[in-house]
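**Q** My questions all concern the structure below.
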Protein chains: 2
Amino acid sequence: MRIIIDAFGGDNAPLSNIEGAYLATKEYDADILLCGNKEKIEKCAKENNIPLDNIEIVHADDIFDIHDDPNLLLKSKKNTSLAVAFSAVKEGKADAVVSAGSSGAVLMGGTFIVKRIKGIKRPAFAAVIPTASGNPYMLLDSGANIDCRADVLEQFGLVGSVYMKNVMGVENPKVGLLNIGAEETKGGETLVEAYQKLKNSSLNFIGNVEPRDVPAGACDVVVCDGFSGNIVLKLTEGVALSFMKMFKAILLKNIVSKIAALLIKSGLKDLKKKFDYKELGGAPLIGVRKPVIKAHGSSDSKAIKSAVKQAILFAETGVTAEIENAIKGVED
Amino acid sequence: MRIIIDAFGGDNAPLSNIEGAYLATKEYDADILLCGNKEKIEKCAKENNIPLDNIEIVHADDIFDIHDDPNLLLKSKKNTSLAVAFSAVKEGKADAVVSAGSSGAVLMGGTFIVKRIKGIKRPAFAAVIPTASGNPYMLLDSGANIDCRADVLEQFGLVGSVYMKNVMGVENPKVGLLNIGAEETKGGETLVEAYQKLKNSSLNFIGNVEPRDVPAGACDVVVCDGFSGNIVLKLTEGVALSFMKMFKAILLKNIVSKIAALLIKSGLKDLKKKFDYKELGGAPLIGVRKPVIKAHGSSDSKAIKSAVKQAILFAETGVTAEIENAIKGVED
């Protein structure tokens, strides 16, 4: 198993990515490759005392900046660490790729370098989000496609189910359509049509799911367009952060509350860990031929390491082949 | 000041509504009217020992069911407590109306019985949502209009600003456009157009606001279409509920954690109160000629009472006239 990391993607690159790569070599039974300017990587590693002995560097001259137009990835930006890492996966030099770089560029690289699985209409970012029930759900699309047709939404239900079953071990995953009401007729035309398609599919479709019920763990796969999904992803993070902050304020208020904080320290730590994106890895780009993991833009070394873990899991379980089969099954 | 309550709207009607009306008479300096079947209201009040001495009953034969088609409100359902209450406000028998009934019917009643303020393109539900910063924000539209044109979104910014300034006392309210990225070009065509309109307006427009930053209190008015807004409203509630539940589990885990819970009891109570919709009242339907408050569907008596308080505030501050002036100002 060989995982390639885009060394220059994300707000804390390259240091966090190099350090994350090193942590991954120590923890996982996989070969780790770092993609980017060799000289810069070696310099940064040296300055920060990070051993590169077990890491293979795949050289790429350039860096894909977060503000660059994703459409340039295959043109003037094809020598960036992001593009070269995706090409390495395409050419079989690595089994999966991790990047904390521009979402648009990751989508571009996945779709046009790694390429779509046969039959896939639209690849989707598919974040896995923790819930109060303890069972995380897969949210797709969580940001790749602003608008989605009904048949695309239906397919999200299918690929999400395959992923949750094969990678996360959920038997007969419950699929919900994100909507602002439970009734079949809620939402715009597209959602009404998608409802019927999902209802008539072989999936375990539980109907519309309201945003109020999603964080409690109402279903295993939440289907929506990328605009709504990105709202759900980012708002969940925002509300969770605000709550942790407000609890912290309660616990730090005075000497008595500080004693209380000590008494529940381990419980709070578990909760924080549960909702920490650094532990969760990133969002798989689902629907392309090789595993692509989009790590959080502000990933630190731990988050990069977790994204590598997710990439290994994604690759090991052979879910890409399962998705291809499932789509073939529907088409036949 | 006369506030009329739809006695038969909501999951816990009529008991919670009657009780809420009674609590309001005790707490606020306003005349409270209950609208609905007189016999049923009196029977329910008697059975539950709720004095009706200071409450005026406005009779209405029928009930508007949550599953009824809102379009019937002005036709076969015009004798429902909801329709009659809205008519009472229109005819000047009351200054404001509170209903926990069907959102669609409240929107219908507001738009076609109470009627729009001159110049208003689309009335919007405008929920006021607490944040970690302590300053709540107004979310509009939070569910009335699934799709909204750019000029409608711009107008939401205007009326939201007027409300936050006049009712909530916020000087120069910060207006943000809900979007999945900070850049001007993010989102679909409508959002890109709305961004430019808001930027060129006289409002204190701070640009796109990402869902991650909304719960921290990034701005005072969050502008979006009713589909996205309803997701924000319901997901915020859902994540908040999940977090409260998980904290509760930590605090109830064992004898030591239970001691901790006692030590931070007052802080937790404050936090719970801050995010309790029962304390917050309901969402004003902004853009119609008289104050209309949509209370939460699962309102208990306390929530009804809070909605009455909000109705009083809305009516007292004369914000409807301010909105009319502000729109005239933009048109001139």
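In the structure tokens, each chain is lettered A, B, ... as it comes, each chain's residues begin at 1, and ligands are numbered from 1 in order of appearance.
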Could you give me the residues within range 74-271 of chain A that DSSP places in strand (DSSP E or B), as an MDAnalysis selection string?
**A** chainID A and resid 80 96:99 116 124:129 137:140 174:178 204:209 221:223
**Q** Residues of the last selection are to be written out with C-alpha atoms, as a PDB file, in the first residue's frame.
**A**
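out30.pdb written:
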ATOM      1  CA  THR A  80       2.291  21.579  -9.065  1.00  0.00           C
ATOM      2  CA  ALA A  96      -4.273   6.716  -2.955  1.00  0.00           C
ATOM      3  CA  VAL A  97      -3.695  10.450  -2.640  1.00  0.00           C
ATOM      4  CA  VAL A  98      -4.189  12.913   0.228  1.00  0.00           C
ATOM      5  CA  SER A  99      -4.356  16.674  -0.296  1.00  0.00           C
ATOM      6  CA  ARG A 116     -14.394   8.947 -12.921  1.00  0.00           C
ATOM      7  CA  ALA A 124     -18.806  14.085  -4.745  1.00  0.00           C
ATOM      8  CA  PHE A 125     -17.010  15.081  -1.590  1.00  0.00           C
ATOM      9  CA  ALA A 126     -18.365  12.752   1.024  1.00  0.00           C
ATOM     10  CA  ALA A 127     -17.511  13.943   4.515  1.00  0.00           C
ATOM     11  CA  VAL A 128     -18.011  11.510   7.370  1.00  0.00           C
ATOM     12  CA  ILE A 129     -19.497  13.414  10.296  1.00  0.00           C
ATOM     13  CA  TYR A 137     -23.007   9.616   8.841  1.00  0.00           C
ATOM     14  CA  MET A 138     -21.763  10.228   5.329  1.00  0.00           C
ATOM     15  CA  LEU A 139     -22.787  13.571   3.859  1.00  0.00           C
ATOM     16  CA  LEU A 140     -22.715  13.715   0.112  1.00  0.00           C
ATOM     17  CA  LYS A 174     -30.174   4.085   6.024  1.00  0.00           C
ATOM     18  CA  VAL A 175     -30.319   6.738   3.316  1.00  0.00           C
ATOM     19  CA  GLY A 176     -32.074  10.075   3.904  1.00  0.00           C
ATOM     20  CA  LEU A 177     -32.695  12.959   1.510  1.00  0.00           C
ATOM     21  CA  LEU A 178     -31.890  16.291   3.184  1.00  0.00           C
ATOM     22  CA  ASN A 204     -32.755   1.487   2.314  1.00  0.00           C
ATOM     23  CA  PHE A 205     -34.348   4.900   1.766  1.00  0.00           C
ATOM     24  CA  ILE A 206     -35.982   6.317   4.888  1.00  0.00           C
ATOM     25  CA  GLY A 207     -37.419   9.419   3.172  1.00  0.00           C
ATOM     26  CA  ASN A 208     -36.643  13.068   3.736  1.00  0.00           C
ATOM     27  CA  VAL A 209     -34.463  13.826   6.711  1.00  0.00           C
ATOM     28  CA  VAL A 221     -26.099   8.496   4.391  1.00  0.00           C
ATOM     29  CA  VAL A 222     -27.406  12.044   3.949  1.00  0.00           C
ATOM     30  CA  VAL A 223     -27.997  12.918   0.298  1.00  0.00           C
TER      31      VAL A 223
END
**Q** Residues of chain A within 7 Å of chain B, counting only C-alpha atoms, what are they? List them as a ChimeraX atom specification.
**A** /A:132,180,211-213,215-216,227-228,230-231,234-240,242,246,250,256-257,260,263-264,267
**Q** Taking 4 positions as the minimum chain separation for residues in the same chain, which residues sit within 8 Å of Met1 in chain B when counting only C-alpha atoms? Answer as a list of chain:residue names.
**A** B:Asp29, B:Ala30, B:Asp31, B:Ala94, B:Asp95, B:Ile312
**Q** Would you mind exporting the chosen residues as a PDB file, in the first residue's frame, restricted to C-alpha atoms?
**A**
ATOM      1  CA  ASP B  29     -48.971  45.002  30.071  1.00  0.00           C
ATOM      2  CA  ALA B  30     -51.027  44.001  27.048  1.00  0.00           C
ATOM      3  CA  ASP B  31     -54.529  42.747  26.285  1.00  0.00           C
ATOM      4  CA  ALA B  94     -55.545  43.374  17.466  1.00  0.00           C
ATOM      5  CA  ASP B  95     -52.075  44.846  16.954  1.00  0.00           C
ATOM      6  CA  ILE B 312     -45.326  43.213  21.803  1.00  0.00           C
TER       7      ILE B 312
END
**Q** Between CA of Ile55 in chain B and CA of Gly101 in chain B, what is the distance, to one decimal in Å?
**A**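 Between CA of Ile55 in chain B and CA of Gly101 in chain B the gap is 20.2 Å.
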**Q** Out of A:Lys278, A:Ile18, A:Lys77, A:Phe64, which residue has the shortest atom-to-atom distance to Pro51 in chain A when counting only C-alpha atoms?
**A**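 Nearest to Pro51 in chain A: A:Ile18.
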**Q** Record the distance separating CA of Tyr28 in chain B and CA of Val170 in chain B, expressed in Å with one decimal.
**A** 23.7 Å
**Q** Extract, using only C-alpha atoms, all DNA, RNA and protein residues at most 7 Å from range 291-303 of chain A, discarding same-chain residues fewer than 5 positions from it, and format them as a PyMOL selection string.
**A** chain A and resi 10-12+16-17+19-20+96-101+106+110+277-279+281-285+311+314-315
**Q** Under the rule that only C-alpha atoms are counted, which of A:Ala85, A:Ser103, A:Val319, A:Ile304 is the nearest residue to Tyr22 in chain A?
**A**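 Once distances to Tyr22 in chain A are computed over only C-alpha atoms, the minimum belongs to A:Ile304.
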